[in-house]
$ cat final14.cif   # mmCIF, C-alpha atoms
data_my_file
#
loop_
_atom_site.label_atom_id
_atom_site.label_comp_id
_atom_site.auth_asym_id
_atom_site.auth_seq_id
_atom_site.Cartn_x
_atom_site.Cartn_y
_atom_site.Cartn_z
CA MET G 1 0.00 0.00 0.00
CA ASP G 2 2.99 2.29 0.31
CA GLY G 3 4.28 4.31 -2.59
CA THR G 4 7.62 3.65 -4.22
CA VAL G 5 9.95 5.90 -6.17
CA GLN G 6 11.94 4.88 -9.21
CA GLN G 7 14.62 7.21 -10.52
CA ILE G 8 14.42 7.67 -14.28
CA ALA G 9 16.40 9.78 -16.72
CA GLY G 10 15.62 13.38 -15.83
CA GLY G 11 13.25 12.70 -12.96
CA SER G 12 11.33 10.20 -10.86
CA THR G 13 8.25 8.00 -11.08
CA ILE G 14 6.04 7.60 -8.03
CA ARG G 15 4.09 4.35 -8.05
CA PHE G 16 1.19 3.02 -5.96
CA GLU G 17 -0.75 -0.22 -6.28
CA ARG G 18 -4.02 -0.75 -4.45
CA HIS G 19 -6.32 -3.75 -4.51
CA LEU G 20 -9.89 -2.44 -4.28
CA PRO G 21 -12.97 -4.62 -3.72
CA TYR G 22 -14.94 -2.72 -6.38
CA THR G 23 -15.49 -3.17 -10.09
CA VAL G 24 -13.25 -1.47 -12.61
CA GLU G 25 -16.28 0.56 -13.72
CA ALA G 26 -16.99 1.85 -10.20
CA VAL G 27 -13.36 2.90 -9.69
CA TRP G 28 -13.22 4.41 -13.20
CA ASP G 29 -16.22 6.58 -12.38
CA SER G 30 -14.43 7.82 -9.24
CA LEU G 31 -11.36 8.71 -11.33
CA THR G 32 -13.24 10.52 -14.09
CA GLU G 33 -16.53 11.99 -12.88
CA PRO G 34 -16.25 15.46 -11.31
CA GLN G 35 -19.06 14.80 -8.80
CA LYS G 36 -17.08 11.80 -7.51
CA LEU G 37 -13.56 13.26 -7.79
CA VAL G 38 -14.50 16.05 -5.39
CA ASP G 39 -15.19 13.50 -2.63
CA TRP G 40 -11.66 12.10 -2.52
CA LEU G 41 -9.30 14.19 -4.66
CA ALA G 42 -10.40 17.69 -5.66
CA ALA G 43 -13.06 19.72 -7.39
CA ALA G 44 -12.61 18.87 -11.06
CA GLU G 45 -13.31 19.99 -14.57
CA VAL G 46 -12.87 17.02 -16.88
CA GLU G 47 -13.09 16.75 -20.66
CA LEU G 48 -12.63 13.00 -21.02
CA THR G 49 -11.15 13.01 -24.51
CA GLU G 50 -7.55 13.09 -25.65
CA GLY G 51 -6.47 16.72 -25.63
CA GLY G 52 -9.28 17.57 -23.20
CA ARG G 53 -8.91 19.65 -20.06
CA PHE G 54 -8.26 18.05 -16.67
CA GLN G 55 -8.29 20.67 -13.92
CA LEU G 56 -8.24 19.98 -10.20
CA THR G 57 -8.81 22.54 -7.45
CA PHE G 58 -7.71 21.18 -4.08
CA ALA G 59 -9.89 22.22 -1.13
CA ASN G 60 -7.15 21.40 1.40
CA THR G 61 -4.63 23.89 -0.08
CA GLY G 62 -6.47 25.96 -2.68
CA ASP G 63 -3.90 24.83 -5.27
CA VAL G 64 -5.06 24.43 -8.87
CA MET G 65 -3.62 21.76 -11.15
CA ASN G 66 -4.08 22.40 -14.85
CA GLY G 67 -3.55 19.41 -17.07
CA LYS G 68 -4.43 17.92 -20.41
CA VAL G 69 -5.78 14.42 -21.04
CA ILE G 70 -3.24 12.49 -23.10
CA GLN G 71 -4.71 8.97 -22.99
CA VAL G 72 -8.19 7.53 -22.42
CA GLN G 73 -9.04 3.84 -22.74
CA SER G 74 -12.32 3.59 -20.85
CA PRO G 75 -12.57 1.99 -18.34
CA SER G 76 -8.97 0.91 -17.85
CA VAL G 77 -6.41 3.65 -18.62
CA LEU G 78 -6.39 7.39 -17.99
CA ALA G 79 -3.37 9.66 -18.28
CA TYR G 80 -3.08 13.42 -18.03
CA THR G 81 -0.37 16.01 -17.69
CA TRP G 82 0.15 17.56 -14.28
CA ASN G 83 0.45 21.36 -14.21
CA SER G 84 1.71 21.45 -17.76
CA GLU G 85 0.62 20.98 -21.33
CA ASP G 86 3.88 19.11 -21.96
CA PRO G 87 3.73 15.33 -21.32
CA ASN G 88 7.54 15.33 -21.04
CA GLU G 89 7.33 17.25 -17.73
CA SER G 90 4.85 15.52 -15.43
CA VAL G 91 2.22 12.86 -16.12
CA VAL G 92 -0.28 11.04 -13.93
CA GLN G 93 -1.38 7.65 -15.25
CA TRP G 94 -4.08 5.40 -13.82
CA GLU G 95 -4.50 1.77 -14.84
CA LEU G 96 -7.33 -0.49 -13.69
CA THR G 97 -7.19 -4.26 -14.05
CA PRO G 98 -10.12 -6.53 -13.17
CA GLU G 99 -9.56 -9.13 -10.47
CA ALA G 100 -11.82 -11.85 -9.14
CA ASP G 101 -12.67 -9.84 -6.02
CA GLY G 102 -12.53 -6.30 -7.46
CA CYS G 103 -9.72 -4.55 -9.29
CA LEU G 104 -6.09 -3.57 -9.10
CA LEU G 105 -5.46 0.16 -9.30
CA LEU G 106 -2.02 1.28 -10.45
CA LEU G 107 -1.07 4.94 -10.15
CA LYS G 108 2.13 6.25 -11.72
CA HIS G 109 3.12 9.91 -11.44
CA THR G 110 6.20 10.73 -13.49
CA ILE G 111 7.86 13.96 -12.43
CA ARG G 112 10.58 15.57 -14.53
CA VAL G 113 10.95 18.77 -12.51
CA PRO G 114 12.62 18.29 -9.11
CA GLU G 115 10.09 18.42 -6.30
CA ARG G 116 9.96 17.28 -2.72
CA LEU G 117 8.98 13.69 -3.37
CA SER G 118 7.88 13.07 0.22
CA TYR G 119 5.12 15.67 -0.23
CA MET G 120 3.88 14.04 -3.44
CA LEU G 121 4.08 10.53 -1.99
CA ALA G 122 2.19 11.56 1.16
CA GLY G 123 -0.41 13.40 -0.90
CA TRP G 124 -1.12 10.49 -3.22
CA HIS G 125 -1.04 8.02 -0.32
CA VAL G 126 -3.71 9.95 1.59
CA HIS G 127 -5.80 10.64 -1.52
CA LEU G 128 -5.82 6.91 -2.33
CA ASP G 129 -6.88 6.16 1.24
CA LEU G 130 -9.71 8.67 0.75
CA LEU G 131 -10.65 7.02 -2.57
CA ALA G 132 -11.06 3.65 -0.84
CA GLU G 133 -13.12 5.23 1.94
CA THR G 134 -15.29 7.11 -0.56
CA LEU G 135 -15.93 3.94 -2.57
CA ALA G 136 -17.03 2.35 0.73
CA GLY G 137 -19.55 5.17 1.19
CA GLU G 138 -17.54 7.23 3.70
CA VAL G 139 -16.96 10.81 2.58
CA LYS G 140 -14.45 12.53 4.85
CA GLY G 141 -12.49 15.74 4.89
CA TRP G 142 -8.76 16.09 4.34
CA PRO G 143 -6.86 14.46 7.25
CA TRP G 144 -3.89 16.79 7.79
CA SER G 145 -2.46 14.73 10.67
CA HIS G 146 -2.47 11.56 8.52
CA TRP G 147 -0.81 13.45 5.66
CA GLU G 148 1.87 14.85 7.98
CA SER G 149 2.67 11.43 9.44
CA MET G 150 2.93 9.95 5.92
CA ARG G 151 5.12 12.86 4.76
CA GLU G 152 7.49 12.32 7.69
CA LYS G 153 7.62 8.59 6.95
CA TYR G 154 8.40 9.11 3.25
CA ALA G 155 10.91 11.89 4.00
CA LYS G 156 12.77 9.52 6.32
CA GLN G 157 12.75 6.73 3.70
CA LEU G 158 14.04 9.13 1.04
CA GLY G 159 16.57 10.87 3.26
CA GLU G 160 14.99 14.30 2.74
#
$ encode --input "final14.cif" --output "structure tokens"
Amino acid sequence: MDGTVQQIAGGSTIRFERHLPYTVEAVWDSLTEPQKLVDWLAAAEVELTEGGRFQLTFANTGDVMNGKVIQVQSPSVLAYTWNSEDPNESVVQWELTPEADGCLLLLKHTIRVPERLSYMLAGWHVHLDLLAETLAGEVKGWPWSHWESMREKYAKQLGE
């Protein structure tokens, strides 16, 4: 359930895998529908076509992420740029694979511009926890204390 970091030429890739006891279609809806994204990630404007807009406004910080959809294979693959129009800078990719008891969610966030990886790892970790809770019918607010404990854990692992 913890995130990993792989160093790549010119950056890093953050990776999470989560086994979820829900159908691929249910998880896909939570990744792509604005009325569901707001419950676990951020308020969203989504044009679910290649080249379409993918904008997130985070309630916990007020930050806005402007991206562009670069790949859609409903209901299994979604990729969009992160705060850039250039897919060579930062890309978030979601992959969903059916399993007998639900699905496997794979999240990869490739970052070309140096950032504090512990912040990104902690953020995705907590957002994925919120996704699982939301799918279970529990809508909660942003848990700052959980984020801070995860950030400290990842910072220690990374030597930040």
$ resolve_selection --input "final14.cif" --expression "the PyMOL selection byres ((chain G and resi 33) around 10)" --output "list in words"
Trp28, Asp29, Ser30, Leu31, Thr32, Pro34, Gln35, Lys36, Leu37, Val38, Ala44, Glu45, Val46, Glu47 and Leu48 of chain G
$ residues_around --input "final14.cif" --residues "region 119-134 of chain G" --least-positions-apart "5" --cutoff "8 Å" --atoms "only C-alpha atoms" --output "list in words"
Asp2, Gly3, Ile14, Phe16, Leu20, Ser30, Asp39, Trp40, Leu41, Val139, Lys140, Pro143, His146, Trp147, Glu148, Met150, Arg151 and Tyr154 of chain G
$ write_last_selection --input "final14.cif" --atoms "C-alpha atoms" --output "PDB file, keeping the file's coordinate frame"
ATOM      1  CA  ASP G   2       2.990   2.290   0.310  1.00  0.00           C
ATOM      2  CA  GLY G   3       4.280   4.310  -2.590  1.00  0.00           C
ATOM      3  CA  ILE G  14       6.040   7.600  -8.030  1.00  0.00           C
ATOM      4  CA  PHE G  16       1.190   3.020  -5.960  1.00  0.00           C
ATOM      5  CA  LEU G  20      -9.890  -2.440  -4.280  1.00  0.00           C
ATOM      6  CA  SER G  30     -14.430   7.820  -9.240  1.00  0.00           C
ATOM      7  CA  ASP G  39     -15.190  13.500  -2.630  1.00  0.00           C
ATOM      8  CA  TRP G  40     -11.660  12.100  -2.520  1.00  0.00           C
ATOM      9  CA  LEU G  41      -9.300  14.190  -4.660  1.00  0.00           C
ATOM     10  CA  VAL G 139     -16.960  10.810   2.580  1.00  0.00           C
ATOM     11  CA  LYS G 140     -14.450  12.530   4.850  1.00  0.00           C
ATOM     12  CA  PRO G 143      -6.860  14.460   7.250  1.00  0.00           C
ATOM     13  CA  HIS G 146      -2.470  11.560   8.520  1.00  0.00           C
ATOM     14  CA  TRP G 147      -0.810  13.450   5.660  1.00  0.00           C
ATOM     15  CA  GLU G 148       1.870  14.850   7.980  1.00  0.00           C
ATOM     16  CA  MET G 150       2.930   9.950   5.920  1.00  0.00           C
ATOM     17  CA  ARG G 151       5.120  12.860   4.760  1.00  0.00           C
ATOM     18  CA  TYR G 154       8.400   9.110   3.250  1.00  0.00           C
TER      19      TYR G 154
END
$ residues_around --input "final14.cif" --residues "Ala9 (chain G)" --least-positions-apart "5" --cutoff "12 Å" --atoms "all atoms listed in the file" --output "list in words"
Asn88, Glu89, Thr110, Ile111, Arg112 and Val113 of chain G
$ residues_around --input "final14.cif" --residues "Val5 (chain G)" --least-positions-apart "3" --cutoff "7 Å" --atoms "only C-alpha atoms" --output "JSON, numbers by chain"
{"G": [12, 13, 14, 15]}
$ residues_around --input "final14.cif" --residues "Asn66 (chain G)" --least-positions-apart "4" --cutoff "9 Å" --atoms "all atoms listed in the file" --output "number ranges by chain"
G: 53-57, 81-85
$ atom_distance --input "final14.cif" --atom1 "CA of His109 (chain G)" --atom2 "CA of Ser76 (chain G)"
16.4 Å
$ closest_residue --input "final14.cif" --among "G:Thr49, G:Ser149, G:Thr23, G:Asn60" --to "Thr97 (chain G)" --atoms "all atoms listed in the file"
G:Thr23
$ resolve_selection --input "final14.cif" --expression "the PyMOL selection byres ((chain G and resi 22) around 9)" --output "list in words"
His19, Leu20, Pro21, Thr23, Val24, Glu25, Ala26, Val27, Asp101, Gly102, Cys103, Leu135 and Ala136 of chain G
$ axis_aligned_box --input "final14.cif" --around "region 56-62 of chain G" --padding-each-side "4 Å" --output "lines of an AutoDock Vina configuration file"
center_x = -7.3
center_y = 23.0
center_z = -4.4
size_x = 13.3
size_y = 14.0
size_z = 19.6
$ build_atoms --input "final14.cif" --residues "region 121-132 of chain G" --atoms "all heavy atoms" --output "short mmCIF file (atom, residue, chain, number, x, y, z; two decimals), in the frame of the given file"
data_model
loop_
_atom_site.label_atom_id
_atom_site.label_comp_id
_atom_site.auth_asym_id
_atom_site.auth_seq_id
_atom_site.Cartn_x
_atom_site.Cartn_y
_atom_site.Cartn_z
N LEU G 121 4.40 11.87 -2.46
CA LEU G 121 4.08 10.53 -1.99
C LEU G 121 3.00 10.57 -0.90
O LEU G 121 2.04 9.81 -0.95
CB LEU G 121 5.33 9.83 -1.45
CG LEU G 121 6.27 9.28 -2.51
CD1 LEU G 121 7.67 9.10 -1.94
CD2 LEU G 121 5.75 7.96 -3.05
N ALA G 122 3.17 11.45 0.07
CA ALA G 122 2.19 11.56 1.16
C ALA G 122 0.83 11.99 0.61
O ALA G 122 -0.21 11.46 1.01
CB ALA G 122 2.67 12.54 2.22
N GLY G 123 0.84 12.94 -0.32
CA GLY G 123 -0.41 13.40 -0.90
C GLY G 123 -1.15 12.30 -1.62
O GLY G 123 -2.34 12.06 -1.38
N TRP G 124 -0.47 11.58 -2.51
CA TRP G 124 -1.12 10.49 -3.22
C TRP G 124 -1.54 9.38 -2.27
O TRP G 124 -2.62 8.79 -2.41
CB TRP G 124 -0.23 9.95 -4.34
CG TRP G 124 -0.25 10.79 -5.57
CD1 TRP G 124 0.83 11.38 -6.17
CD2 TRP G 124 -1.39 11.15 -6.36
NE1 TRP G 124 0.42 12.08 -7.27
CE2 TRP G 124 -0.93 11.96 -7.42
CE3 TRP G 124 -2.75 10.88 -6.27
CZ2 TRP G 124 -1.78 12.49 -8.39
CZ3 TRP G 124 -3.61 11.41 -7.23
CH2 TRP G 124 -3.13 12.20 -8.27
N HIS G 125 -0.70 9.07 -1.29
CA HIS G 125 -1.04 8.02 -0.32
C HIS G 125 -2.37 8.34 0.37
O HIS G 125 -3.27 7.50 0.43
CB HIS G 125 0.08 7.90 0.71
CG HIS G 125 -0.06 6.71 1.59
ND1 HIS G 125 0.86 5.70 1.61
CD2 HIS G 125 -1.01 6.36 2.50
CE1 HIS G 125 0.47 4.77 2.48
NE2 HIS G 125 -0.66 5.16 3.03
N VAL G 126 -2.49 9.56 0.87
CA VAL G 126 -3.71 9.95 1.59
C VAL G 126 -4.90 10.04 0.64
O VAL G 126 -6.00 9.59 0.97
CB VAL G 126 -3.49 11.27 2.36
CG1 VAL G 126 -4.80 11.77 2.97
CG2 VAL G 126 -2.43 11.06 3.45
N HIS G 127 -4.69 10.57 -0.56
CA HIS G 127 -5.80 10.64 -1.52
C HIS G 127 -6.29 9.24 -1.89
O HIS G 127 -7.50 9.02 -2.02
CB HIS G 127 -5.41 11.42 -2.77
CG HIS G 127 -5.47 12.90 -2.59
ND1 HIS G 127 -6.63 13.59 -2.32
CD2 HIS G 127 -4.50 13.83 -2.63
CE1 HIS G 127 -6.38 14.88 -2.21
NE2 HIS G 127 -5.09 15.04 -2.39
N LEU G 128 -5.39 8.29 -2.03
CA LEU G 128 -5.82 6.91 -2.33
C LEU G 128 -6.55 6.28 -1.15
O LEU G 128 -7.50 5.51 -1.34
CB LEU G 128 -4.62 6.06 -2.76
CG LEU G 128 -4.05 6.42 -4.13
CD1 LEU G 128 -2.75 5.65 -4.38
CD2 LEU G 128 -5.05 6.17 -5.24
N ASP G 129 -6.12 6.60 0.07
CA ASP G 129 -6.88 6.16 1.24
C ASP G 129 -8.30 6.74 1.19
O ASP G 129 -9.28 6.04 1.46
CB ASP G 129 -6.21 6.59 2.54
CG ASP G 129 -4.91 5.84 2.82
OD1 ASP G 129 -4.62 4.82 2.15
OD2 ASP G 129 -4.18 6.28 3.74
N LEU G 130 -8.40 8.03 0.84
CA LEU G 130 -9.71 8.67 0.75
C LEU G 130 -10.55 8.06 -0.38
O LEU G 130 -11.78 7.92 -0.24
CB LEU G 130 -9.56 10.17 0.53
CG LEU G 130 -9.05 10.97 1.73
CD1 LEU G 130 -8.76 12.42 1.31
CD2 LEU G 130 -10.03 10.94 2.88
N LEU G 131 -9.92 7.68 -1.48
CA LEU G 131 -10.65 7.02 -2.57
C LEU G 131 -11.29 5.74 -2.06
O LEU G 131 -12.48 5.49 -2.30
CB LEU G 131 -9.71 6.72 -3.74
CG LEU G 131 -10.29 5.83 -4.85
CD1 LEU G 131 -11.51 6.47 -5.50
CD2 LEU G 131 -9.21 5.51 -5.88
N ALA G 132 -10.53 4.91 -1.35
CA ALA G 132 -11.06 3.65 -0.84
C ALA G 132 -12.21 3.91 0.13
O ALA G 132 -13.25 3.22 0.09
CB ALA G 132 -9.96 2.84 -0.16
#
